$ cat data-v3.pdb   # PDB, C-alpha atoms
ATOM      1  CA  ASN A  32      19.552 -40.236 -26.367
ATOM      2  CA  ALA A  33      17.121 -42.816 -27.679
ATOM      3  CA  GLY A  34      13.945 -41.484 -29.191
ATOM      4  CA  VAL A  35      10.478 -42.855 -28.650
ATOM      5  CA  MET A  36      10.710 -46.631 -28.793
ATOM      6  CA  GLN A  37       7.784 -48.701 -29.928
ATOM      7  CA  ASN A  38       7.543 -52.450 -30.085
ATOM      8  CA  PRO A  39       6.742 -54.615 -31.746
ATOM      9  CA  ARG A  40       7.166 -52.935 -35.119
ATOM     10  CA  HIS A  41       4.926 -55.520 -36.710
ATOM     11  CA  LEU A  42       2.307 -57.662 -35.031
ATOM     12  CA  VAL A  43       0.042 -60.240 -36.620
ATOM     13  CA  ARG A  44      -2.988 -61.486 -34.747
ATOM     14  CA  ARG A  45      -5.970 -63.647 -35.597
ATOM     15  CA  ARG A  46      -9.462 -62.391 -34.943
ATOM     16  CA  GLY A  47     -10.355 -62.714 -31.286
ATOM     17  CA  GLN A  48      -6.788 -62.574 -29.983
ATOM     18  CA  GLU A  49      -5.283 -59.796 -27.913
ATOM     19  CA  ALA A  50      -2.762 -57.259 -29.112
ATOM     20  CA  ARG A  51      -0.383 -55.386 -26.821
ATOM     21  CA  LEU A  52       1.627 -52.493 -28.119
ATOM     22  CA  ARG A  53       4.352 -50.924 -26.033
ATOM     23  CA  CYS A  54       5.818 -47.455 -26.028
ATOM     24  CA  SER A  55       8.776 -46.067 -24.118
ATOM     25  CA  PRO A  56       8.801 -42.269 -24.289
ATOM     26  CA  MET A  57      11.898 -40.192 -24.772
ATOM     27  CA  LYS A  58      14.005 -39.742 -21.674
ATOM     28  CA  GLY A  59      12.612 -36.882 -19.629
ATOM     29  CA  HIS A  60       9.211 -36.937 -21.321
ATOM     30  CA  SER A  61       6.232 -37.442 -19.058
ATOM     31  CA  HIS A  62       3.378 -37.236 -21.555
ATOM     32  CA  VAL A  63       2.411 -40.033 -23.936
ATOM     33  CA  TYR A  64      -0.065 -39.961 -26.809
ATOM     34  CA  TRP A  65      -1.400 -42.808 -28.896
ATOM     35  CA  TYR A  66      -2.641 -42.300 -32.450
ATOM     36  CA  ARG A  67      -4.080 -44.702 -35.003
ATOM     37  CA  GLN A  68      -3.461 -44.384 -38.713
ATOM     38  CA  LEU A  69      -5.552 -46.391 -41.144
ATOM     39  CA  PRO A  70      -4.124 -46.976 -44.644
ATOM     40  CA  GLU A  71      -4.041 -43.758 -46.681
ATOM     41  CA  GLU A  72      -5.587 -41.779 -43.834
ATOM     42  CA  GLY A  73      -4.448 -39.268 -41.274
ATOM     43  CA  LEU A  74      -3.684 -39.686 -37.607
ATOM     44  CA  LYS A  75      -6.613 -40.173 -35.282
ATOM     45  CA  PHE A  76      -6.128 -39.294 -31.645
ATOM     46  CA  MET A  77      -6.847 -42.138 -29.273
ATOM     47  CA  VAL A  78      -5.574 -41.374 -25.796
ATOM     48  CA  TYR A  79      -3.296 -39.053 -23.848
ATOM     49  CA  LEU A  80      -1.608 -40.197 -20.649
ATOM     50  CA  GLN A  81       0.740 -39.002 -17.990
ATOM     51  CA  LYS A  82       2.390 -41.327 -15.519
ATOM     52  CA  GLU A  83      -0.353 -43.343 -13.799
ATOM     53  CA  ASN A  84      -3.070 -41.069 -15.201
ATOM     54  CA  ILE A  85      -5.288 -41.082 -18.263
ATOM     55  CA  ILE A  86      -5.818 -37.441 -19.140
ATOM     56  CA  ASP A  87      -7.956 -37.747 -22.244
ATOM     57  CA  GLU A  88      -9.297 -40.950 -23.786
ATOM     58  CA  SER A  89     -11.966 -39.335 -25.898
ATOM     59  CA  GLY A  90     -10.619 -40.908 -29.089
ATOM     60  CA  MET A  91     -10.464 -44.440 -27.844
ATOM     61  CA  PRO A  92     -13.263 -46.920 -28.583
ATOM     62  CA  LYS A  93     -15.195 -47.669 -25.416
ATOM     63  CA  GLU A  94     -14.926 -51.418 -25.835
ATOM     64  CA  ARG A  95     -11.913 -53.668 -26.261
ATOM     65  CA  PHE A  96      -9.344 -50.860 -26.104
ATOM     66  CA  SER A  97      -7.422 -49.773 -23.031
ATOM     67  CA  ALA A  98      -4.235 -47.886 -22.293
ATOM     68  CA  GLU A  99      -1.978 -47.434 -19.341
ATOM     69  CA  PHE A 100       1.219 -45.655 -18.440
ATOM     70  CA  PRO A 101       2.467 -47.104 -15.156
ATOM     71  CA  LYS A 102       4.892 -45.457 -12.797
ATOM     72  CA  GLU A 103       7.567 -47.838 -13.976
ATOM     73  CA  GLY A 104       7.830 -49.226 -17.487
ATOM     74  CA  PRO A 105       6.418 -48.383 -20.879
ATOM     75  CA  SER A 106       2.981 -47.236 -21.870
ATOM     76  CA  ILE A 107       0.840 -50.065 -23.179
ATOM     77  CA  LEU A 108      -2.044 -49.960 -25.623
ATOM     78  CA  ARG A 109      -4.103 -53.097 -25.320
ATOM     79  CA  ILE A 110      -6.668 -54.296 -27.812
ATOM     80  CA  GLN A 111      -8.769 -57.253 -26.776
ATOM     81  CA  GLN A 112     -10.604 -59.578 -29.156
ATOM     82  CA  VAL A 113      -9.152 -57.933 -32.221
ATOM     83  CA  VAL A 114     -11.177 -57.620 -35.414
ATOM     84  CA  ARG A 115     -10.021 -56.979 -38.970
ATOM     85  CA  GLY A 116     -10.986 -53.313 -38.662
ATOM     86  CA  ASP A 117      -8.292 -52.900 -35.992
ATOM     87  CA  SER A 118      -5.603 -53.427 -38.634
ATOM     88  CA  ALA A 119      -3.691 -50.161 -38.707
ATOM     89  CA  ALA A 120      -0.477 -48.454 -37.756
ATOM     90  CA  TYR A 121      -0.446 -47.328 -34.143
ATOM     91  CA  PHE A 122       1.839 -44.450 -33.324
ATOM     92  CA  CYS A 123       3.032 -43.390 -29.940
ATOM     93  CA  ALA A 124       4.375 -39.917 -29.311
ATOM     94  CA  SER A 125       5.762 -38.202 -26.253
ATOM     95  CA  SER A 126       6.373 -34.685 -25.072
ATOM     96  CA  PRO A 127       7.939 -33.058 -22.028
ATOM     97  CA  ARG A 128       6.154 -30.923 -19.495
ATOM     98  CA  ARG A 129       4.069 -28.092 -20.837
ATOM     99  CA  LEU A 130       6.376 -25.153 -20.613
ATOM    100  CA  ARG A 131       6.936 -22.266 -22.954
ATOM    101  CA  LEU A 132      10.402 -23.445 -23.849
ATOM    102  CA  PRO A 133      11.766 -24.261 -27.279
ATOM    103  CA  GLY A 134      10.792 -27.813 -28.073
ATOM    104  CA  ALA A 135       8.656 -28.174 -24.966
ATOM    105  CA  ASN A 136       5.435 -28.539 -26.877
ATOM    106  CA  VAL A 137       6.688 -30.641 -29.726
ATOM    107  CA  LEU A 138       5.536 -34.192 -30.164
ATOM    108  CA  THR A 139       8.257 -36.730 -30.823
ATOM    109  CA  PHE A 140       6.959 -39.831 -32.550
ATOM    110  CA  GLY A 141       7.988 -43.430 -32.475
ATOM    111  CA  ALA A 142       8.306 -45.442 -35.674
ATOM    112  CA  GLY A 143       4.880 -47.003 -35.169
ATOM    113  CA  SER A 144       3.553 -50.504 -34.678
ATOM    114  CA  ARG A 145       1.726 -52.065 -37.586
ATOM    115  CA  LEU A 146      -1.031 -54.414 -36.503
ATOM    116  CA  THR A 147      -2.414 -56.895 -38.996
ATOM    117  CA  VAL A 148      -5.475 -58.907 -38.057
ATOM    118  CA  LEU A 149      -6.045 -62.034 -40.103
TER     119      LEU A 149
ATOM    120  CA  ALA B  39     -14.159 -28.797 -30.783
ATOM    121  CA  GLN B  40     -11.127 -27.913 -32.796
ATOM    122  CA  THR B  41     -10.743 -29.203 -36.329
ATOM    123  CA  VAL B  42      -7.908 -29.154 -38.865
ATOM    124  CA  THR B  43      -8.606 -29.266 -42.589
ATOM    125  CA  GLN B  44      -6.180 -30.000 -45.398
ATOM    126  CA  SER B  45      -8.087 -29.599 -48.628
ATOM    127  CA  GLN B  46      -5.362 -30.862 -50.966
ATOM    128  CA  PRO B  47      -5.103 -34.663 -50.878
ATOM    129  CA  GLU B  48      -2.185 -34.586 -53.292
ATOM    130  CA  MET B  49       0.213 -32.030 -54.738
ATOM    131  CA  SER B  50       3.053 -32.235 -57.236
ATOM    132  CA  VAL B  51       6.055 -29.989 -57.646
ATOM    133  CA  GLN B  52       8.998 -29.958 -59.997
ATOM    134  CA  GLU B  53      12.384 -30.378 -58.385
ATOM    135  CA  ALA B  54      13.906 -27.011 -57.395
ATOM    136  CA  GLU B  55      10.521 -25.282 -57.622
ATOM    137  CA  THR B  56       8.348 -23.928 -54.814
ATOM    138  CA  VAL B  57       5.124 -25.445 -53.527
ATOM    139  CA  THR B  58       2.588 -24.336 -50.937
ATOM    140  CA  LEU B  59       0.481 -26.732 -48.899
ATOM    141  CA  SER B  60      -2.731 -25.410 -47.380
ATOM    142  CA  CYS B  61      -4.133 -25.902 -43.906
ATOM    143  CA  THR B  62      -7.072 -24.279 -42.170
ATOM    144  CA  TYR B  63      -8.289 -24.850 -38.659
ATOM    145  CA  ASP B  64     -11.247 -23.993 -36.531
ATOM    146  CA  THR B  65     -10.965 -22.956 -32.909
ATOM    147  CA  SER B  66     -12.443 -20.509 -30.457
ATOM    148  CA  GLU B  67      -9.209 -20.304 -28.494
ATOM    149  CA  SER B  68      -6.673 -17.547 -28.776
ATOM    150  CA  ASP B  69      -3.591 -19.382 -27.568
ATOM    151  CA  TYR B  70      -2.389 -22.491 -29.350
ATOM    152  CA  TYR B  71       0.389 -24.089 -31.360
ATOM    153  CA  LEU B  72       0.420 -25.164 -34.971
ATOM    154  CA  PHE B  73       2.729 -27.712 -36.535
ATOM    155  CA  TRP B  74       3.651 -29.290 -39.818
ATOM    156  CA  TYR B  75       4.830 -32.889 -39.693
ATOM    157  CA  LYS B  76       6.276 -34.911 -42.530
ATOM    158  CA  GLN B  77       5.760 -38.653 -42.978
ATOM    159  CA  PRO B  78       8.080 -40.174 -45.610
ATOM    160  CA  PRO B  79       7.606 -43.729 -46.904
ATOM    161  CA  SER B  80       9.374 -45.016 -43.790
ATOM    162  CA  ARG B  81       6.260 -43.808 -41.883
ATOM    163  CA  GLN B  82       8.386 -42.056 -39.280
ATOM    164  CA  MET B  83       6.709 -38.775 -38.330
ATOM    165  CA  ILE B  84       9.159 -35.895 -38.442
ATOM    166  CA  LEU B  85       8.548 -32.359 -37.231
ATOM    167  CA  VAL B  86       9.052 -29.835 -40.020
ATOM    168  CA  ILE B  87       8.123 -26.550 -38.399
ATOM    169  CA  ARG B  88       6.005 -25.091 -35.610
ATOM    170  CA  GLN B  89       4.293 -21.784 -34.914
ATOM    171  CA  GLU B  90       3.092 -20.252 -31.663
ATOM    172  CA  ALA B  91      -0.184 -18.403 -32.150
ATOM    173  CA  TYR B  92       0.935 -15.517 -29.950
ATOM    174  CA  LYS B  93       3.830 -14.793 -32.309
ATOM    175  CA  GLN B  94       3.023 -12.668 -35.314
ATOM    176  CA  GLN B  95       6.242 -13.479 -37.105
ATOM    177  CA  ASN B  96       6.016 -16.445 -39.461
ATOM    178  CA  ALA B  97       8.261 -19.359 -38.558
ATOM    179  CA  THR B  98      10.991 -20.411 -40.950
ATOM    180  CA  GLU B  99      13.261 -23.407 -40.984
ATOM    181  CA  ASN B 100      15.758 -23.421 -43.846
ATOM    182  CA  ARG B 101      13.738 -24.118 -47.026
ATOM    183  CA  PHE B 102      10.474 -24.397 -45.089
ATOM    184  CA  SER B 103       8.374 -21.428 -44.058
ATOM    185  CA  VAL B 104       4.799 -20.839 -43.025
ATOM    186  CA  ASN B 105       2.209 -18.209 -43.774
ATOM    187  CA  PHE B 106       0.257 -17.890 -40.547
ATOM    188  CA  GLN B 107      -2.938 -15.860 -40.841
ATOM    189  CA  LYS B 108      -4.511 -15.965 -37.390
ATOM    190  CA  ALA B 109      -7.672 -14.068 -38.246
ATOM    191  CA  ALA B 110      -8.311 -16.303 -41.237
ATOM    192  CA  LYS B 111      -7.268 -19.405 -39.261
ATOM    193  CA  SER B 112      -4.938 -20.393 -42.023
ATOM    194  CA  PHE B 113      -1.515 -22.001 -41.711
ATOM    195  CA  SER B 114       0.101 -22.850 -45.036
ATOM    196  CA  LEU B 115       3.518 -24.419 -45.563
ATOM    197  CA  LYS B 116       5.845 -23.224 -48.289
ATOM    198  CA  ILE B 117       8.657 -25.462 -49.457
ATOM    199  CA  SER B 118      11.283 -23.676 -51.525
ATOM    200  CA  ASP B 119      13.829 -25.313 -53.817
ATOM    201  CA  SER B 120      11.998 -28.638 -53.554
ATOM    202  CA  GLN B 121      14.142 -31.738 -53.360
ATOM    203  CA  LEU B 122      13.373 -35.361 -54.092
ATOM    204  CA  GLY B 123      13.687 -36.091 -50.383
ATOM    205  CA  ASP B 124      10.771 -33.787 -49.676
ATOM    206  CA  ALA B 125       8.377 -36.319 -51.166
ATOM    207  CA  ALA B 126       6.156 -37.437 -48.296
ATOM    208  CA  MET B 127       2.799 -37.033 -46.617
ATOM    209  CA  TYR B 128       2.549 -33.715 -44.828
ATOM    210  CA  PHE B 129       0.267 -33.292 -41.849
ATOM    211  CA  CYS B 130      -0.868 -30.065 -40.292
ATOM    212  CA  ALA B 131      -1.551 -30.230 -36.551
ATOM    213  CA  TYR B 132      -3.086 -28.055 -33.846
ATOM    214  CA  ARG B 133      -2.548 -28.077 -30.109
ATOM    215  CA  SER B 134      -4.393 -26.008 -27.566
ATOM    216  CA  GLU B 135      -2.523 -24.044 -24.949
ATOM    217  CA  VAL B 136      -5.596 -23.358 -22.883
ATOM    218  CA  THR B 137      -4.903 -24.497 -19.320
ATOM    219  CA  SER B 138      -8.286 -26.163 -19.038
ATOM    220  CA  GLY B 139      -7.681 -28.072 -22.231
ATOM    221  CA  THR B 140      -6.336 -31.561 -22.539
ATOM    222  CA  TYR B 141      -3.458 -30.569 -24.802
ATOM    223  CA  LYS B 142      -4.194 -33.235 -27.346
ATOM    224  CA  TYR B 143      -2.803 -32.677 -30.794
ATOM    225  CA  ILE B 144      -5.309 -32.712 -33.641
ATOM    226  CA  PHE B 145      -4.085 -33.666 -37.088
ATOM    227  CA  GLY B 146      -5.414 -32.973 -40.545
ATOM    228  CA  THR B 147      -5.918 -35.738 -43.098
ATOM    229  CA  GLY B 148      -2.648 -35.010 -44.847
ATOM    230  CA  THR B 149      -1.376 -33.897 -48.249
ATOM    231  CA  ARG B 150       0.736 -36.249 -50.306
ATOM    232  CA  LEU B 151       3.554 -34.322 -51.962
ATOM    233  CA  LYS B 152       5.189 -35.723 -55.072
ATOM    234  CA  VAL B 153       8.452 -34.221 -56.291
ATOM    235  CA  LEU B 154       9.120 -34.644 -60.002
ATOM    236  CA  ALA B 155      12.691 -34.927 -61.265
TER     237      ALA B 155
END

$ encode --input "data-v3.pdb" --output "structure tokens"
Amino acid sequence: NAGVMQNPRHLVRRRGQEARLRCSPMKGHSHVYWYRQLPEEGLKFMVYLQKENIIDESGMPKERFSAEFPKEGPSILRIQQVVRGDSAAYFCASSPRRLRLPGANVLTFGAGSRLTVL
Amino acid sequence: AQTVTQSQPEMSVQEAETVTLSCTYDTSESDYYLFWYKQPPSRQMILVIRQEAYKQQNATENRFSVNFQKAAKSFSLKISDSQLGDAAMYFCAYRSEVTSGTYKYIFGTGTRLKVLA
């Protein structure tokens, strides 16, 4: 039972390029979250998605950032025209449906994707 | 809006001793979940323990236990018999269970735990 899979693990981009980060949730999980972690800082919520729906994107910058979770395939976090301030670790996490069952409300994290903008 | 505060940026503990990490949160909701996650140098986030707000009994998981004070909105983590492998960043997290909420998880800024041999 593979966990949350993120790729690439490391991505280097030059300023102005696009970055695409992919996340495959755990099998059976229908909720995906994206978080950003700057060096020596905590996790900042970006966006929460279910299949084909963005539920909450209140933490995502209004410009250049977008996220999707299509019916088929992984969730994708897309950053257009990257700037040096986008350099960070981006974590994806997934959870199953919201039920009062053991483990139902626990986030399972991927290993993260580290974006470096030159 | 809910907030999570970890007031200790860094803590140290001697191997085999006990350490307590603090976490406070602010919410107007009565039903929610609280979590402690560990992030070792590998950066992989690992769930340590979780607590349902409707349960009065403090959660325990082997050497890890919490002191959940709902009225004070406090959720501290106690690590007993500390081991070198416990060295990591520890994050406290909150998640609403209100049906009108978005169920996003809110994390504190973390406490770096150092374990001294």

$ resolve_selection --input "data-v3.pdb" --expression "the PyMOL selection byres ((chain B and resi 115) around 12)" --output "VMD selection string"
chain B and resid 44 56 to 62 72 to 76 86 to 89 96 to 99 101 to 107 112 to 114 116 to 118 128 to 131 149 151

$ interface_residues --input "data-v3.pdb" --of "chain B" --to "chain A" --cutoff "6 Å" --atoms "all atoms listed in the file" --output "PyMOL selection string"
chain B and resi 82-83+147-148

$ write_last_selection --input "data-v3.pdb" --atoms "C-alpha atoms" --output "short mmCIF file (atom, residue, chain, number, x, y, z; two decimals), in the coordinates of the input"
data_model
loop_
_atom_site.label_atom_id
_atom_site.label_comp_id
_atom_site.auth_asym_id
_atom_site.auth_seq_id
_atom_site.Cartn_x
_atom_site.Cartn_y
_atom_site.Cartn_z
CA GLN B 82 8.39 -42.06 -39.28
CA MET B 83 6.71 -38.78 -38.33
CA THR B 147 -5.92 -35.74 -43.10
CA GLY B 148 -2.65 -35.01 -44.85
#

$ atom_distance --input "data-v3.pdb" --atom1 "CA of Ala98 in chain A" --atom2 "CA of Glu67 in chain B"
28.7 Å

$ resolve_selection --input "data-v3.pdb" --expression "the PyMOL selection byres ((chain B and resi 52) around 6)" --output "compact mmCIF listing (two decimals) with C-alpha atoms, in the coordinates of the input"
# COMPACT_ATOMS: atom_id res chain seq x y z
CA VAL B 51 6.06 -29.99 -57.65
CA GLU B 53 12.38 -30.38 -58.38
CA GLU B 55 10.52 -25.28 -57.62
CA VAL B 153 8.45 -34.22 -56.29
CA LEU B 154 9.12 -34.64 -60.00

$ residues_around --input "data-v3.pdb" --residues "range 102-105 of chain A" --least-positions-apart "5" --cutoff "12 Å" --atoms "all atoms listed in the file" --output "number ranges by chain"
A: 35-38, 51-58, 60-63, 80-84, 123, 125

$ closest_residue --input "data-v3.pdb" --among "B:Arg133, B:Tyr92, B:Gln77, B:Tyr71" --to "Gln68 in chain A" --atoms "all atoms listed in the file"
B:Gln77

$ atom_distance --input "data-v3.pdb" --atom1 "CA of Leu85 in chain B" --atom2 "CA of Lys108 in chain B"
21.0 Å

$ atom_distance --input "data-v3.pdb" --atom1 "CA of Ala54 in chain B" --atom2 "CA of Ile84 in chain B"
21.5 Å

$ closest_residue --input "data-v3.pdb" --among "A:Pro101, A:Pro92, A:Pro39, A:Gly47" --to "Tyr121 in chain A" --atoms "all atoms listed in the file"
A:Pro39

$ closest_residue --input "data-v3.pdb" --among "A:Glu99, A:Ser144, A:Ala119, A:Val113" --to "Arg44 in chain A" --atoms "all atoms listed in the file"
A:Val113

$ axis_aligned_box --input "data-v3.pdb" --around "range 108-118 of chain B" --padding-each-side "8 Å" --output "AutoDock Vina command-line options"
--center_x 1.5 --center_y -19.8 --center_z -44.5 --size_x 35.6 --size_y 27.4 --size_z 30.1

$ closest_residue --input "data-v3.pdb" --among "B:Pro78, B:Arg150, B:Asp69, B:Ile144" --to "Val42 in chain B" --atoms "all atoms listed in the file"
B:Ile144

$ residues_near_point --input "data-v3.pdb" --point "(-3.8, -58.2, -29.4)" --cutoff "9 Å" --atoms "all atoms listed in the file" --output "PDB file with C-alpha atoms, keeping the file's coordinate frame"
ATOM      1  CA  LEU A  42       2.307 -57.662 -35.031  1.00  0.00           C
ATOM      2  CA  VAL A  43       0.042 -60.240 -36.620  1.00  0.00           C
ATOM      3  CA  ARG A  44      -2.988 -61.486 -34.747  1.00  0.00           C
ATOM      4  CA  ARG A  45      -5.970 -63.647 -35.597  1.00  0.00           C
ATOM      5  CA  ARG A  46      -9.462 -62.391 -34.943  1.00  0.00           C
ATOM      6  CA  GLY A  47     -10.355 -62.714 -31.286  1.00  0.00           C
ATOM      7  CA  GLN A  48      -6.788 -62.574 -29.983  1.00  0.00           C
ATOM      8  CA  GLU A  49      -5.283 -59.796 -27.913  1.00  0.00           C
ATOM      9  CA  ALA A  50      -2.762 -57.259 -29.112  1.00  0.00           C
ATOM     10  CA  ARG A  51      -0.383 -55.386 -26.821  1.00  0.00           C
ATOM     11  CA  LEU A  52       1.627 -52.493 -28.119  1.00  0.00           C
ATOM     12  CA  ARG A 109      -4.103 -53.097 -25.320  1.00  0.00           C
ATOM     13  CA  ILE A 110      -6.668 -54.296 -27.812  1.00  0.00           C
ATOM     14  CA  GLN A 111      -8.769 -57.253 -26.776  1.00  0.00           C
ATOM     15  CA  GLN A 112     -10.604 -59.578 -29.156  1.00  0.00           C
ATOM     16  CA  VAL A 113      -9.152 -57.933 -32.221  1.00  0.00           C
ATOM     17  CA  LEU A 146      -1.031 -54.414 -36.503  1.00  0.00           C
ATOM     18  CA  VAL A 148      -5.475 -58.907 -38.057  1.00  0.00           C
TER      19      VAL A 148
END

$ closest_residue --input "data-v3.pdb" --among "A:Arg145, A:Trp65, A:Lys93, A:Arg40" --to "Leu108 in chain A" --atoms "only C-alpha atoms"
A:Trp65

$ closest_residue --input "data-v3.pdb" --among "B:Ala91, B:Met49, B:Gly146, B:Tyr141" --to "Ala125 in chain B" --atoms "all atoms listed in the file"
B:Met49

$ decode --input "data-v3.pdb" --residues "range 86-126 of chain A" --atoms "C-alpha atoms" --output "PDB file, in the first residue's frame"
ATOM      1  CA  ILE A  86     -12.765  23.199  -1.590  1.00  0.00           C
ATOM      2  CA  ASP A  87     -10.573  25.847  -0.014  1.00  0.00           C
ATOM      3  CA  GLU A  88      -7.824  27.844  -1.716  1.00  0.00           C
ATOM      4  CA  SER A  89      -7.619  30.588   0.858  1.00  0.00           C
ATOM      5  CA  GLY A  90      -3.898  30.016   1.407  1.00  0.00           C
ATOM      6  CA  MET A  91      -2.868  30.129  -2.195  1.00  0.00           C
ATOM      7  CA  PRO A  92      -1.479  33.319  -3.752  1.00  0.00           C
ATOM      8  CA  LYS A  93      -3.996  34.777  -6.173  1.00  0.00           C
ATOM      9  CA  GLU A  94      -1.491  35.086  -8.989  1.00  0.00           C
ATOM     10  CA  ARG A  95       0.761  32.515 -10.615  1.00  0.00           C
ATOM     11  CA  PHE A  96      -0.397  29.604  -8.449  1.00  0.00           C
ATOM     12  CA  SER A  97      -3.051  27.067  -9.367  1.00  0.00           C
ATOM     13  CA  ALA A  98      -4.022  23.578  -8.297  1.00  0.00           C
ATOM     14  CA  GLU A  99      -6.150  20.819  -9.667  1.00  0.00           C
ATOM     15  CA  PHE A 100      -7.188  17.308  -8.779  1.00  0.00           C
ATOM     16  CA  PRO A 101      -8.724  15.734 -11.878  1.00  0.00           C
ATOM     17  CA  LYS A 102     -11.016  12.751 -11.932  1.00  0.00           C
ATOM     18  CA  GLU A 103      -8.162  10.653 -13.223  1.00  0.00           C
ATOM     19  CA  GLY A 104      -4.522  11.169 -12.324  1.00  0.00           C
ATOM     20  CA  PRO A 105      -2.593  13.002  -9.654  1.00  0.00           C
ATOM     21  CA  SER A 106      -3.184  16.371  -8.103  1.00  0.00           C
ATOM     22  CA  ILE A 107      -1.002  19.061  -9.623  1.00  0.00           C
ATOM     23  CA  LEU A 108       0.272  22.273  -8.086  1.00  0.00           C
ATOM     24  CA  ARG A 109       1.358  24.653 -10.792  1.00  0.00           C
ATOM     25  CA  ILE A 110       3.475  27.735 -10.294  1.00  0.00           C
ATOM     26  CA  GLN A 111       3.865  30.010 -13.278  1.00  0.00           C
ATOM     27  CA  GLN A 112       6.682  32.511 -13.771  1.00  0.00           C
ATOM     28  CA  VAL A 113       8.511  31.385 -10.673  1.00  0.00           C
ATOM     29  CA  VAL A 114      10.449  33.855  -8.542  1.00  0.00           C
ATOM     30  CA  ARG A 115      13.172  33.235  -5.975  1.00  0.00           C
ATOM     31  CA  GLY A 116      10.653  33.636  -3.153  1.00  0.00           C
ATOM     32  CA  ASP A 117       8.866  30.502  -4.397  1.00  0.00           C
ATOM     33  CA  SER A 118      11.845  28.388  -3.330  1.00  0.00           C
ATOM     34  CA  ALA A 119      10.472  26.096  -0.650  1.00  0.00           C
ATOM     35  CA  ALA A 120       9.437  22.568   0.150  1.00  0.00           C
ATOM     36  CA  TYR A 121       5.927  21.783  -1.025  1.00  0.00           C
ATOM     37  CA  PHE A 122       4.140  19.029   0.817  1.00  0.00           C
ATOM     38  CA  CYS A 123       1.098  17.156  -0.294  1.00  0.00           C
ATOM     39  CA  ALA A 124      -1.075  15.274   2.156  1.00  0.00           C
ATOM     40  CA  SER A 125      -4.185  13.179   1.765  1.00  0.00           C
ATOM     41  CA  SER A 126      -6.979  11.914   3.939  1.00  0.00           C
TER      42      SER A 126
END
